[in-house]
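J.: File name run_24.tsv; file contents TSV, C-alpha atoms and all ligand atoms; full text below.
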chain	number	residue	atom	x	y	z
A	210	MET	CA	56.67	-23.86	-15.57
A	211	THR	CA	56.47	-26.41	-18.33
A	212	LEU	CA	53.72	-28.98	-18.61
A	213	ALA	CA	56.10	-31.70	-17.43
A	214	GLU	CA	57.11	-29.62	-14.40
A	215	LEU	CA	53.45	-29.05	-13.66
A	216	GLU	CA	52.73	-32.76	-13.68
A	217	ASN	CA	55.60	-33.30	-11.24
A	218	ALA	CA	54.40	-30.55	-8.95
A	219	LYS	CA	50.93	-32.05	-9.04
A	220	ALA	CA	52.14	-35.53	-8.13
A	221	GLU	CA	54.14	-34.07	-5.29
A	222	SER	CA	51.21	-32.06	-3.95
A	223	LEU	CA	48.94	-35.11	-3.97
A	224	GLN	CA	51.54	-37.14	-2.11
A	225	GLU	CA	51.92	-34.41	0.47
A	226	ILE	CA	48.15	-34.29	1.01
A	227	ALA	CA	47.90	-38.04	1.28
A	228	ALA	CA	50.65	-37.98	3.89
A	229	ALA	CA	49.15	-35.16	5.97
A	230	ALA	CA	48.83	-36.44	9.51
A	231	ASP	CA	46.30	-34.10	11.04
A	232	ALA	CA	43.76	-31.35	10.33
A	233	ALA	CA	46.37	-28.62	10.81
A	234	ALA	CA	48.62	-30.20	8.18
A	235	VAL	CA	45.68	-30.52	5.77
A	236	GLU	CA	44.83	-26.87	6.34
A	237	ALA	CA	48.43	-25.80	5.74
A	238	LEU	CA	48.45	-27.68	2.44
A	239	ARG	CA	45.10	-26.15	1.47
A	240	VAL	CA	46.62	-22.71	2.00
A	241	LYS	CA	49.82	-23.69	0.19
A	242	TYR	CA	48.08	-24.94	-2.95
A	243	VAL	CA	44.60	-23.47	-3.31
A	244	GLY	CA	44.58	-20.62	-0.74
A	245	ARG	CA	44.32	-17.06	-1.99
A	246	ASN	CA	48.11	-16.78	-2.41
A	247	GLY	CA	48.59	-20.48	-3.08
A	248	SER	CA	50.63	-21.87	-5.94
A	249	ILE	CA	47.69	-22.88	-8.14
A	250	PRO	CA	46.00	-19.43	-8.13
A	251	ALA	CA	49.47	-17.97	-8.78
A	252	LEU	CA	49.80	-20.18	-11.86
A	253	ILE	CA	46.38	-19.07	-13.08
A	254	LYS	CA	47.42	-15.45	-12.65
A	255	ALA	CA	50.66	-16.06	-14.55
A	256	MET	CA	48.80	-17.72	-17.44
A	257	LYS	CA	49.15	-14.60	-19.59
A	258	ASP	CA	52.93	-15.20	-19.80
A	259	VAL	CA	52.53	-18.70	-21.24
A	260	PRO	CA	53.02	-18.69	-25.04
A	261	LYS	CA	49.64	-18.37	-26.74
A	262	GLU	CA	49.70	-21.75	-28.50
A	263	GLU	CA	50.49	-23.59	-25.26
A	264	ARG	CA	47.94	-21.73	-23.20
A	265	PRO	CA	44.86	-23.99	-23.75
A	266	ALA	CA	46.65	-27.19	-22.82
A	267	PHE	CA	48.40	-25.51	-19.90
A	268	GLY	CA	45.14	-24.00	-18.64
A	269	LYS	CA	43.46	-27.38	-18.76
A	270	ALA	CA	46.30	-28.99	-16.83
A	271	VAL	CA	46.17	-26.29	-14.13
A	272	GLN	CA	42.41	-26.70	-13.71
A	273	ALA	CA	42.79	-30.47	-13.49
A	274	TRP	CA	45.46	-30.03	-10.84
A	275	ARG	CA	43.22	-27.75	-8.86
A	276	ALA	CA	40.29	-30.18	-9.07
A	277	GLU	CA	42.42	-33.10	-7.93
A	278	VAL	CA	43.97	-31.13	-5.06
A	279	GLU	CA	40.54	-29.98	-3.90
A	280	ALA	CA	39.16	-33.51	-4.06
A	281	ALA	CA	42.14	-34.83	-2.13
A	282	LEU	CA	41.80	-32.11	0.49
A	283	ALA	CA	38.09	-32.79	0.86
A	284	ALA	CA	38.78	-36.49	1.27
A	285	LYS	CA	41.05	-35.54	4.15
A	286	GLY	CA	38.29	-33.50	5.76
A	287	ALA	CA	39.50	-30.00	4.87
A	288	GLY	CA	36.97	-27.31	5.59
A	289	SER	CA	35.08	-29.33	8.15
A	290	ALA	CA	37.34	-28.24	10.98
A	291	GLY	CA	35.38	-25.00	11.34
A	292	GLU	CA	32.06	-26.80	11.48
A	293	LYS	CA	33.22	-29.09	14.20
A	294	ALA	CA	34.21	-26.09	16.27
A	295	VAL	CA	30.70	-24.54	16.22
A	296	ASP	CA	29.68	-24.14	19.79
A	297	ALA	CA	25.93	-23.52	19.69
A	298	ASP	CA	23.21	-24.36	22.15
A	299	LEU	CA	20.62	-25.83	19.83
A	300	THR	CA	18.02	-25.92	22.59
A	301	LEU	CA	17.83	-22.12	22.75
A	302	PRO	CA	14.60	-20.64	21.31
A	303	GLY	CA	14.91	-18.94	17.91
A	304	ARG	CA	15.32	-15.22	17.53
A	305	TRP	CA	11.96	-13.43	17.47
A	306	ARG	CA	11.38	-11.10	14.56
A	307	SER	CA	8.34	-8.86	14.47
A	308	LEU	CA	6.07	-9.14	11.45
A	309	GLY	CA	4.97	-5.95	9.75
A	310	VAL	CA	1.33	-4.94	10.13
A	311	LYS	CA	-0.98	-3.06	7.80
A	312	HIS	CA	-1.48	0.61	8.50
A	313	PRO	CA	-4.96	1.42	9.89
A	314	LEU	CA	-5.76	3.54	6.82
A	315	SER	CA	-4.81	0.72	4.46
A	316	ARG	CA	-6.94	-1.63	6.53
A	317	VAL	CA	-10.01	0.56	6.32
A	318	ILE	CA	-9.56	0.99	2.55
A	319	GLU	CA	-9.05	-2.73	1.97
A	320	GLU	CA	-11.95	-3.74	4.22
A	321	THR	CA	-14.23	-1.23	2.52
A	322	ALA	CA	-13.27	-2.58	-0.90
A	323	ALA	CA	-13.96	-6.13	0.31
A	324	ILE	CA	-17.35	-5.24	1.83
A	325	PHE	CA	-18.55	-3.35	-1.24
A	326	GLY	CA	-16.97	-5.99	-3.46
A	327	LYS	CA	-19.52	-8.47	-2.08
A	328	LEU	CA	-22.24	-6.10	-3.30
A	329	GLY	CA	-20.82	-5.93	-6.83
A	330	PHE	CA	-18.83	-2.70	-6.48
A	331	THR	CA	-15.41	-2.42	-8.10
A	332	VAL	CA	-12.62	0.01	-7.21
A	333	ALA	CA	-12.09	3.04	-9.46
A	334	ASP	CA	-9.10	5.33	-9.39
A	335	GLY	CA	-8.47	8.93	-10.37
A	336	PRO	CA	-5.59	11.43	-10.26
A	337	GLU	CA	-4.83	13.58	-7.22
A	338	LEU	CA	-4.14	16.53	-9.53
A	339	GLU	CA	-7.53	17.49	-10.94
A	340	ASN	CA	-9.10	20.20	-13.06
A	341	ARG	CA	-11.81	22.68	-12.07
A	342	PHE	CA	-14.49	20.90	-14.08
A	343	ASN	CA	-14.12	17.47	-12.46
A	344	ASN	CA	-13.59	18.70	-8.90
A	345	PHE	CA	-16.19	21.49	-8.87
A	346	THR	CA	-18.14	22.42	-12.00
A	347	ALA	CA	-19.44	18.98	-13.00
A	348	LEU	CA	-20.32	18.41	-9.34
A	349	ASN	CA	-22.66	21.37	-9.57
A	350	THR	CA	-20.59	23.57	-7.27
A	351	PRO	CA	-21.56	27.21	-7.82
A	352	ALA	CA	-18.76	29.42	-9.16
A	353	HIS	CA	-18.60	31.51	-5.99
A	354	HIS	CA	-18.57	28.57	-3.56
A	355	PRO	CA	-16.08	29.09	-0.69
A	356	SER	CA	-14.54	25.64	-1.19
A	357	MET	CA	-13.00	27.01	-4.41
A	358	ASP	CA	-11.17	29.75	-2.52
A	359	ARG	CA	-7.38	29.99	-2.65
A	360	SER	CA	-7.49	29.79	1.12
A	361	ASP	CA	-9.28	26.42	1.07
A	362	THR	CA	-7.87	24.65	-1.98
A	363	PHE	CA	-4.35	24.10	-3.29
A	364	TRP	CA	-4.46	25.64	-6.78
A	365	PHE	CA	-1.78	25.47	-9.47
A	366	GLY	CA	-2.90	28.17	-11.86
A	367	ASP	CA	-6.55	28.58	-12.83
A	368	ASP	CA	-7.55	25.11	-13.83
A	369	CYS	CA	-5.33	22.74	-11.88
A	370	LEU	CA	-5.71	21.81	-8.23
A	371	LEU	CA	-5.09	19.08	-5.68
A	372	ARG	CA	-8.49	17.39	-5.47
A	373	THR	CA	-10.41	18.43	-2.37
A	374	GLN	CA	-12.58	15.30	-2.41
A	375	THR	CA	-12.78	11.93	-4.18
A	376	SER	CA	-16.07	12.99	-5.84
A	377	PRO	CA	-14.31	13.92	-9.14
A	378	VAL	CA	-13.71	10.20	-9.64
A	379	GLN	CA	-17.51	9.88	-9.95
A	380	ILE	CA	-17.34	12.29	-12.90
A	381	ARG	CA	-14.44	10.48	-14.56
A	382	THR	CA	-16.10	7.10	-14.08
A	383	MET	CA	-19.43	8.23	-15.53
A	384	MET	CA	-17.74	9.88	-18.51
A	385	GLN	CA	-15.85	6.71	-19.34
A	386	ASN	CA	-18.60	4.15	-18.68
A	387	LYS	CA	-22.27	3.50	-19.27
A	388	PRO	CA	-24.68	2.56	-16.48
A	389	PRO	CA	-25.01	0.35	-14.54
A	390	ILE	CA	-22.06	1.67	-12.56
A	391	ARG	CA	-21.09	0.44	-9.11
A	392	VAL	CA	-17.78	1.82	-7.88
A	393	ILE	CA	-15.99	2.88	-4.78
A	394	CYS	CA	-13.09	5.30	-5.17
A	395	PRO	CA	-10.55	5.45	-2.34
A	396	GLY	CA	-7.78	8.01	-2.46
A	397	ARG	CA	-5.89	10.98	-1.12
A	398	THR	CA	-7.52	14.37	-0.85
A	399	TYR	CA	-6.14	17.79	0.02
A	400	ARG	CA	-7.43	20.89	1.77
A	401	ARG	CA	-5.71	23.96	3.14
A	402	ASP	CA	-6.47	23.00	6.71
A	403	THR	CA	-4.20	23.71	9.63
A	404	THR	CA	-3.19	20.44	11.21
A	405	ASP	CA	-4.61	19.64	14.65
A	406	ALA	CA	-6.01	16.59	16.42
A	407	THR	CA	-8.89	16.22	13.93
A	408	HIS	CA	-7.62	18.00	10.79
A	409	SER	CA	-4.94	17.30	8.25
A	410	ALA	CA	-4.19	19.08	4.97
A	411	ASN	CA	-3.78	15.69	3.35
A	412	PHE	CA	-6.28	13.00	4.21
A	413	HIS	CA	-8.16	10.14	2.54
A	414	GLN	CA	-11.72	9.64	1.38
A	415	ILE	CA	-13.74	6.84	-0.12
A	416	GLU	CA	-16.39	7.77	-2.61
A	417	GLY	CA	-19.22	5.46	-3.62
A	418	LEU	CA	-21.40	5.66	-6.71
A	419	TYR	CA	-24.25	3.55	-8.03
A	420	VAL	CA	-26.03	4.57	-11.23
A	421	ASP	CA	-28.54	2.45	-13.12
A	422	THR	CA	-31.17	2.67	-15.83
A	423	LYS	CA	-33.66	1.09	-13.45
A	424	PRO	CA	-34.93	3.27	-10.62
A	425	VAL	CA	-32.55	3.69	-7.67
A	426	SER	CA	-33.92	5.01	-4.39
A	427	LEU	CA	-32.78	6.51	-1.11
A	428	ALA	CA	-33.89	3.24	0.50
A	429	ASP	CA	-31.33	1.38	-1.65
A	430	LEU	CA	-28.67	3.79	-0.40
A	431	LYS	CA	-29.70	3.29	3.19
A	432	SER	CA	-29.67	-0.49	2.99
A	433	VAL	CA	-26.22	-0.55	1.40
A	434	LEU	CA	-24.81	1.81	4.05
A	435	ALA	CA	-26.50	-0.18	6.81
A	436	TYR	CA	-24.77	-3.31	5.51
A	437	PHE	CA	-21.47	-1.44	5.37
A	438	ALA	CA	-21.93	-0.14	8.94
A	439	LYS	CA	-22.54	-3.64	10.27
A	440	GLU	CA	-19.64	-5.21	8.38
A	441	MET	CA	-17.18	-2.43	9.23
A	442	MET	CA	-18.13	-1.60	12.82
A	443	GLY	CA	-19.73	-4.79	14.07
A	444	ASP	CA	-23.10	-6.42	14.61
A	445	GLY	CA	-25.79	-4.20	16.01
A	446	VAL	CA	-24.48	-0.99	14.42
A	447	THR	CA	-27.24	0.79	12.49
A	448	VAL	CA	-27.45	3.94	10.37
A	449	ARG	CA	-29.58	7.03	10.37
A	450	PHE	CA	-29.93	9.79	7.79
A	451	ARG	CA	-30.18	13.49	8.60
A	452	PRO	CA	-31.20	16.00	5.92
A	453	HIS	CA	-28.27	18.04	4.64
A	454	PHE	CA	-27.06	19.85	1.53
A	455	PHE	CA	-24.41	18.91	-1.01
A	456	PRO	CA	-24.32	20.54	-4.44
A	457	PHE	CA	-23.99	17.19	-6.23
A	458	THR	CA	-26.85	15.28	-4.57
A	459	GLU	CA	-30.55	15.95	-4.21
A	460	PRO	CA	-31.84	15.09	-1.70
A	461	SER	CA	-28.66	15.05	0.39
A	462	VAL	CA	-28.13	13.46	3.78
A	463	GLU	CA	-25.55	13.16	6.47
A	464	VAL	CA	-25.05	9.59	7.61
A	465	ASP	CA	-24.59	8.60	11.25
A	466	PHE	CA	-23.62	5.18	12.58
A	467	SER	CA	-25.01	4.17	15.95
A	468	CYS	CA	-22.15	4.22	18.45
A	469	HIS	CA	-20.36	0.85	18.34
A	470	VAL	CA	-18.84	1.47	21.79
A	471	CYS	CA	-21.98	2.09	23.89
A	472	LYS	CA	-24.43	0.53	21.38
A	473	GLY	CA	-26.29	3.83	21.17
A	474	LYS	CA	-26.74	4.41	24.90
A	475	GLY	CA	-24.44	7.44	25.02
A	476	CYS	CA	-20.75	7.56	25.99
A	477	ALA	CA	-17.67	9.75	25.63
A	478	VAL	CA	-16.94	8.47	22.11
A	479	CYS	CA	-20.33	9.57	20.72
A	480	LYS	CA	-20.45	12.62	23.02
A	481	GLN	CA	-23.46	11.10	24.80
A	482	SER	CA	-25.58	11.22	21.63
A	483	GLY	CA	-25.47	7.53	20.74
A	484	TRP	CA	-24.59	8.45	17.12
A	485	ILE	CA	-21.39	9.19	15.22
A	486	GLU	CA	-21.36	11.19	11.99
A	487	VAL	CA	-19.47	9.34	9.31
A	488	ALA	CA	-20.48	10.24	5.76
A	489	GLY	CA	-22.24	12.49	3.31
A	490	ALA	CA	-24.56	10.97	0.75
A	491	GLY	CA	-27.57	11.47	-1.45
A	492	MET	CA	-29.23	10.88	-4.80
A	493	VAL	CA	-27.09	12.06	-7.72
A	494	ASP	CA	-28.27	15.51	-8.79
A	495	PRO	CA	-29.75	15.65	-12.35
A	496	ARG	CA	-27.34	18.49	-13.16
A	497	VAL	CA	-24.39	16.18	-12.47
A	498	PHE	CA	-25.86	13.62	-14.89
A	499	ARG	CA	-26.19	16.32	-17.55
A	500	HIS	CA	-22.55	17.36	-17.06
A	501	VAL	CA	-21.37	13.83	-17.87
A	502	GLY	CA	-23.72	13.41	-20.81
A	503	TYR	CA	-26.33	11.19	-19.12
A	504	ASP	CA	-30.05	11.85	-19.51
A	505	PRO	CA	-31.53	12.29	-15.99
A	506	ALA	CA	-34.84	11.00	-17.33
A	507	GLU	CA	-33.18	7.66	-18.08
A	508	VAL	CA	-30.82	7.10	-15.17
A	509	SER	CA	-30.83	7.52	-11.42
A	510	GLY	CA	-28.31	6.78	-8.72
A	511	TYR	CA	-26.88	7.46	-5.32
A	512	ALA	CA	-23.48	8.63	-4.13
A	513	PHE	CA	-21.75	8.77	-0.81
A	514	GLY	CA	-18.39	9.84	0.54
A	515	PHE	CA	-16.62	9.44	3.83
A	516	GLY	CA	-13.26	10.09	5.44
A	517	VAL	CA	-10.97	7.08	5.87
A	518	GLU	CA	-9.23	8.69	8.86
A	519	ARG	CA	-12.60	9.24	10.54
A	520	ILE	CA	-13.59	5.58	10.20
A	521	ALA	CA	-10.15	4.45	11.38
A	522	MET	CA	-10.27	6.78	14.38
A	523	ILE	CA	-13.67	5.63	15.59
A	524	LYS	CA	-13.09	1.97	14.77
A	525	TYR	CA	-9.73	1.74	16.54
A	526	GLY	CA	-10.30	4.45	19.15
A	527	ILE	CA	-7.55	6.77	17.89
A	528	PRO	CA	-7.90	10.20	19.51
A	529	ASP	CA	-5.48	12.19	17.32
A	530	ILE	CA	-5.38	12.13	13.50
A	531	ARG	CA	-1.66	12.95	13.55
A	532	TRP	CA	-0.88	9.53	15.00
A	533	LEU	CA	-1.93	8.10	11.65
A	534	TYR	CA	0.93	9.87	9.87
A	535	GLU	CA	3.78	9.65	12.35
A	536	ASN	CA	4.54	5.97	11.77
A	537	ASP	CA	5.54	5.47	15.38
A	538	VAL	CA	5.92	1.70	15.75
A	539	ARG	CA	4.58	1.86	19.30
A	540	PHE	CA	1.31	3.02	17.76
A	541	LEU	CA	1.32	0.89	14.61
A	542	SER	CA	2.26	-2.36	16.34
A	543	GLN	CA	-0.87	-2.22	18.48
A	544	LEU	CA	-2.84	-3.45	15.49
A	545	ALA	CA	-0.76	-6.60	15.21
B	1	LIG	N1	-17.44	15.12	-1.23
B	1	LIG	C1	-18.07	15.35	0.05
B	1	LIG	C2	-17.07	16.00	1.00
B	1	LIG	O1	-15.89	15.93	0.75
B	1	LIG	C3	-18.55	14.05	0.65
B	1	LIG	C4	-19.75	13.55	-0.10
B	1	LIG	C5	-21.01	13.94	0.29
B	1	LIG	C6	-19.59	12.71	-1.19
B	1	LIG	C7	-22.13	13.48	-0.39
B	1	LIG	C8	-20.71	12.24	-1.87
B	1	LIG	C9	-21.97	12.64	-1.46
B	1	LIG	O2	-20.62	11.42	-2.91
B	1	LIG	O3	-23.05	12.17	-2.13
B	1	LIG	O4	-17.45	16.54	1.98
Could you express the structure from this file as structure tokens?
T.:
Amino acid sequence: MTLAELENAKAESLQEIAAAADAAAVEALRVKYVGRNGSIPALIKAMKDVPKEERPAFGKAVQAWRAEVEAALAAKGAGSAGEKAVDADLTLPGRWRSLGVKHPLSRVIEETAAIFGKLGFTVADGPELENRFNNFTALNTPAHHPSMDRSDTFWFGDDCLLRTQTSPVQIRTMMQNKPPIRVICPGRTYRRDTTDATHSANFHQIEGLYVDTKPVSLADLKSVLAYFAKEMMGDGVTVRFRPHFFPFTEPSVEVDFSCHVCKGKGCAVCKQSGWIEVAGAGMVDPRVFRHVGYDPAEVSGYAFGFGVERIAMIKYGIPDIRWLYENDVRFLSQLA
């Protein structure tokens, strides 16, 4: 097609469109000229056969033709036929889509970070693959301690293991920082436990650590945990300490929350005792300070650690730990 022929074809097409009597005629012309197999796309495809020196001018003319045809078609209402045919009942309610909800474990971790954040604690992180020193030795765990057994801990060689607790993050944090230190350390932990309603080989803990050059006491620890208990479990929940032993704290305590369900009167949740065990805690042992290069004569501090699953289970009344890992929407959506 020469340029002159193109101009003729263009004039003809515009006349045809102007003369189109109804929507069907307009649509037929749309297909004829600019449809997928229409004459204008065909010309564009054939452009490679046009002599090179004529190609720019020819290309321009084809594009101009296309633009004019499209404008003419639009003026005749092409394309709106489909819209007119839409047969929708606009009074129907919209389609409901469920919003995602946060997993109970994520909630407990985020709420804990927010509660301790108000007390000046920041969140510290550490690797799940640890070495013997950070997970055991620096935490004053004796070399023969059963927790180091191959049957209790996932070892990779002699010095590499999946951390059995979040306490090694205490060690890392103290080695990298100077007191005062106020951190909580949430994360995954691993033990060679057989899975049942209350055990999982992979669970979560939150560690807490406060170290300062001014004296820190067990009373400070208790008041902070009492605040946490109230914020996490609700007004009226209190804490009590029971003497215990951990290698990395001295003295060591186990921490109970008063039962948030029966308010301490005794019920099935607290096994009639009025109390629920939630955490281990204590004053950081001087040997731990020495392992991280601190002088126990100059610093003191407390530490605590608790299971995220345990808090989630008592807070939300979840009877089986496995429900937390199955991601069954019937379970998860109940927190919406
Ligand atoms: N790491 C302990 C455990 O896994 C929990 C714990 C107890 C952490 C006492 C502490 C602590 O920081 O002071 O059983």
J.: Using all atoms listed in the file, which residues have at least one atom no more than 8 Å from ligand LIG 1 (chain B)? Output them as JSON, numbers by chain.
T.: {"A": [373, 374, 375, 376, 379, 414, 416, 417, 418, 455, 457, 458, 461, 462, 463, 488, 489, 490, 491, 492, 493, 511, 512, 513, 514, 515, 516]}
J.: So which one's closest to A:Glu279, A:Ala237, A:Met256, A:Ile324, A:Leu223? Using only C-alpha atoms, please.
T.: A:Leu223
J.: Using atom CA of A:Ile249 and atom CA of A:Ala287 as the two end points, give the distance in Å to one decimal.
T.: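 Pair atom CA of A:Ile249 / atom CA of A:Ala287 returns 16.9 Å.
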J.: Using all atoms listed in the file, determine which residues lie at most 12 Å from A:Ser356, disregarding the query and same-chain residues fewer than 2 positions distant; provide the list as a PDB file with C-alpha atoms, keeping the file's coordinate frame.
T.:
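Final output, saved to result.pdb:
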ATOM      1  CA  ARG A 341     -11.810  22.680 -12.070  1.00  0.00           C
ATOM      2  CA  ASN A 344     -13.590  18.700  -8.900  1.00  0.00           C
ATOM      3  CA  PHE A 345     -16.190  21.490  -8.870  1.00  0.00           C
ATOM      4  CA  THR A 346     -18.140  22.420 -12.000  1.00  0.00           C
ATOM      5  CA  THR A 350     -20.590  23.570  -7.270  1.00  0.00           C
ATOM      6  CA  PRO A 351     -21.560  27.210  -7.820  1.00  0.00           C
ATOM      7  CA  ALA A 352     -18.760  29.420  -9.160  1.00  0.00           C
ATOM      8  CA  HIS A 353     -18.600  31.510  -5.990  1.00  0.00           C
ATOM      9  CA  HIS A 354     -18.570  28.570  -3.560  1.00  0.00           C
ATOM     10  CA  ASP A 358     -11.170  29.750  -2.520  1.00  0.00           C
ATOM     11  CA  ARG A 359      -7.380  29.990  -2.650  1.00  0.00           C
ATOM     12  CA  SER A 360      -7.490  29.790   1.120  1.00  0.00           C
ATOM     13  CA  ASP A 361      -9.280  26.420   1.070  1.00  0.00           C
ATOM     14  CA  THR A 362      -7.870  24.650  -1.980  1.00  0.00           C
ATOM     15  CA  PHE A 363      -4.350  24.100  -3.290  1.00  0.00           C
ATOM     16  CA  TRP A 364      -4.460  25.640  -6.780  1.00  0.00           C
ATOM     17  CA  LEU A 370      -5.710  21.810  -8.230  1.00  0.00           C
ATOM     18  CA  ARG A 372      -8.490  17.390  -5.470  1.00  0.00           C
ATOM     19  CA  THR A 373     -10.410  18.430  -2.370  1.00  0.00           C
ATOM     20  CA  GLN A 374     -12.580  15.300  -2.410  1.00  0.00           C
ATOM     21  CA  TYR A 399      -6.140  17.790   0.020  1.00  0.00           C
ATOM     22  CA  ARG A 400      -7.430  20.890   1.770  1.00  0.00           C
ATOM     23  CA  ARG A 401      -5.710  23.960   3.140  1.00  0.00           C
ATOM     24  CA  ASP A 402      -6.470  23.000   6.710  1.00  0.00           C
ATOM     25  CA  PHE A 455     -24.410  18.910  -1.010  1.00  0.00           C
ATOM     26  CA  PRO A 456     -24.320  20.540  -4.440  1.00  0.00           C
TER      27      PRO A 456
END
J.: Please measure the separation of atom CA of A:Phe342 and atom CA of A:Phe325, giving the value in Å to one decimal.
T.: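 Taking atom CA of A:Phe342 and atom CA of A:Phe325, their separation equals 27.7 Å.
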J.: Compile the contact shell of A:Ala428 as a ChimeraX atom specification: residues with an atom at most 12 Å away, counting only C-alpha atoms, same-chain residues fewer than 5 positions apart removed.
T.: /A:433-435,448-450,491-492,510-511
J.: Interatomic distance between atom CA of A:Cys369 and atom CA of A:Leu338?
T.: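 Between atom CA of A:Cys369 and atom CA of A:Leu338 the gap is 6.7 Å.
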J.: Could you work out an axis-aligned box for stretch 276-285 of chain A, taking every atom the file lists and adding 4 Å on each side, and report centre and edge lengths in Å to one decimal, as JSON?
T.:
{"center_x": 41.0, "center_y": -33.2, "center_z": -2.5, "size_x": 13.9, "size_y": 14.5, "size_z": 21.2}
J.: When distances are computed from all atoms listed in the file, which of A:Asp529, A:Asp494, A:Asp298, A:Glu440 shows the smallest separation from A:Val317?
T.: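 For A:Val317, the nearest of the given residues is A:Glu440.
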J.: Here is a test: counting only C-alpha atoms, which residue of A:Arg496, A:Tyr242, A:Asn386, A:Asn340 is nearest to A:Gly366?
T.: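 Smallest separation from A:Gly366 among the options: A:Asn340.
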J.: Using all atoms listed in the file, which protein or nucleic acid residues come within 10 Å of A:Phe498? Drop anything in the same chain fewer than 4 positions from it, and give the result as an NGL selection string.
T.: :A and (347-349 or 380 or 383-384 or 420 or 457 or 493-494 or 502-510)
J.: The selected residues should be written to file as a PDB file, in the coordinates of the input (atoms: C-alpha atoms).
T.:
ATOM      1  CA  ALA A 347     -19.440  18.980 -13.000  1.00  0.00           C
ATOM      2  CA  LEU A 348     -20.320  18.410  -9.340  1.00  0.00           C
ATOM      3  CA  ASN A 349     -22.660  21.370  -9.570  1.00  0.00           C
ATOM      4  CA  ILE A 380     -17.340  12.290 -12.900  1.00  0.00           C
ATOM      5  CA  MET A 383     -19.430   8.230 -15.530  1.00  0.00           C
ATOM      6  CA  MET A 384     -17.740   9.880 -18.510  1.00  0.00           C
ATOM      7  CA  VAL A 420     -26.030   4.570 -11.230  1.00  0.00           C
ATOM      8  CA  PHE A 457     -23.990  17.190  -6.230  1.00  0.00           C
ATOM      9  CA  VAL A 493     -27.090  12.060  -7.720  1.00  0.00           C
ATOM     10  CA  ASP A 494     -28.270  15.510  -8.790  1.00  0.00           C
ATOM     11  CA  GLY A 502     -23.720  13.410 -20.810  1.00  0.00           C
ATOM     12  CA  TYR A 503     -26.330  11.190 -19.120  1.00  0.00           C
ATOM     13  CA  ASP A 504     -30.050  11.850 -19.510  1.00  0.00           C
ATOM     14  CA  PRO A 505     -31.530  12.290 -15.990  1.00  0.00           C
ATOM     15  CA  ALA A 506     -34.840  11.000 -17.330  1.00  0.00           C
ATOM     16  CA  GLU A 507     -33.180   7.660 -18.080  1.00  0.00           C
ATOM     17  CA  VAL A 508     -30.820   7.100 -15.170  1.00  0.00           C
ATOM     18  CA  SER A 509     -30.830   7.520 -11.420  1.00  0.00           C
ATOM     19  CA  GLY A 510     -28.310   6.780  -8.720  1.00  0.00           C
TER      20      GLY A 510
END
J.: When you look at A:Cys471 with a cut-off of 12 Å (counting all atoms listed in the file), what residues show up, excluding the ones that are within fewer than 5 positions of it in the same chain? I need them as a PDB file with C-alpha atoms, keeping the file's coordinate frame.
T.:
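Written output follows (out_28.pdb):
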ATOM      1  CA  GLY A 445     -25.790  -4.200  16.010  1.00  0.00           C
ATOM      2  CA  VAL A 446     -24.480  -0.990  14.420  1.00  0.00           C
ATOM      3  CA  PHE A 466     -23.620   5.180  12.580  1.00  0.00           C
ATOM      4  CA  CYS A 476     -20.750   7.560  25.990  1.00  0.00           C
ATOM      5  CA  ALA A 477     -17.670   9.750  25.630  1.00  0.00           C
ATOM      6  CA  VAL A 478     -16.940   8.470  22.110  1.00  0.00           C
ATOM      7  CA  CYS A 479     -20.330   9.570  20.720  1.00  0.00           C
ATOM      8  CA  LYS A 480     -20.450  12.620  23.020  1.00  0.00           C
ATOM      9  CA  GLN A 481     -23.460  11.100  24.800  1.00  0.00           C
ATOM     10  CA  SER A 482     -25.580  11.220  21.630  1.00  0.00           C
ATOM     11  CA  GLY A 483     -25.470   7.530  20.740  1.00  0.00           C
ATOM     12  CA  TRP A 484     -24.590   8.450  17.120  1.00  0.00           C
ATOM     13  CA  ILE A 485     -21.390   9.190  15.220  1.00  0.00           C
TER      14      ILE A 485
END
J.: Can you tell me which residues surround A:Ile520 at a distance of at most 9 Å, considering only C-alpha atoms, apart from same-chain residues fewer than 5 positions away, and format the answer as an MDAnalysis selection string?
T.: chainID A and resid 314 317 441:442 487 515 525
J.: Tell me which of A:Gly473, A:Gly286, A:Gly526, A:Pro260 sits closest to A:Pro313, counting only C-alpha atoms.
T.: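 Smallest distance to A:Pro313 is found for A:Gly526.
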J.: So, with all atoms listed in the file as the atoms that count, which of A:Arg245, A:Lys524, A:Arg275, A:Arg451 lies closest to A:Ser222?
T.: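 The shortest atom-to-atom distance to A:Ser222 comes from A:Arg275.
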J.: If I put a ball of radius 10 Å at (-9.2, 3.7, -11.4) in the file's coordinates, which residues poke into it when counting all atoms listed in the file, written as a PyMOL selection string?
T.: chain A and resi 331-336+378+381-382+392-395
J.: Give as a ChimeraX atom specification the set of residues within 10 Å of the point (44.8, -29.1, 0.5), where distances use the file's coordinates and only C-alpha atoms.
T.: /A:222-223,225-227,229,234-244,275,277-288
J.: Which one of A:Lys257, A:Lys439, A:Arg264, A:His469 sits closest to A:Thr211 if you count only C-alpha atoms?
T.: A:Arg264
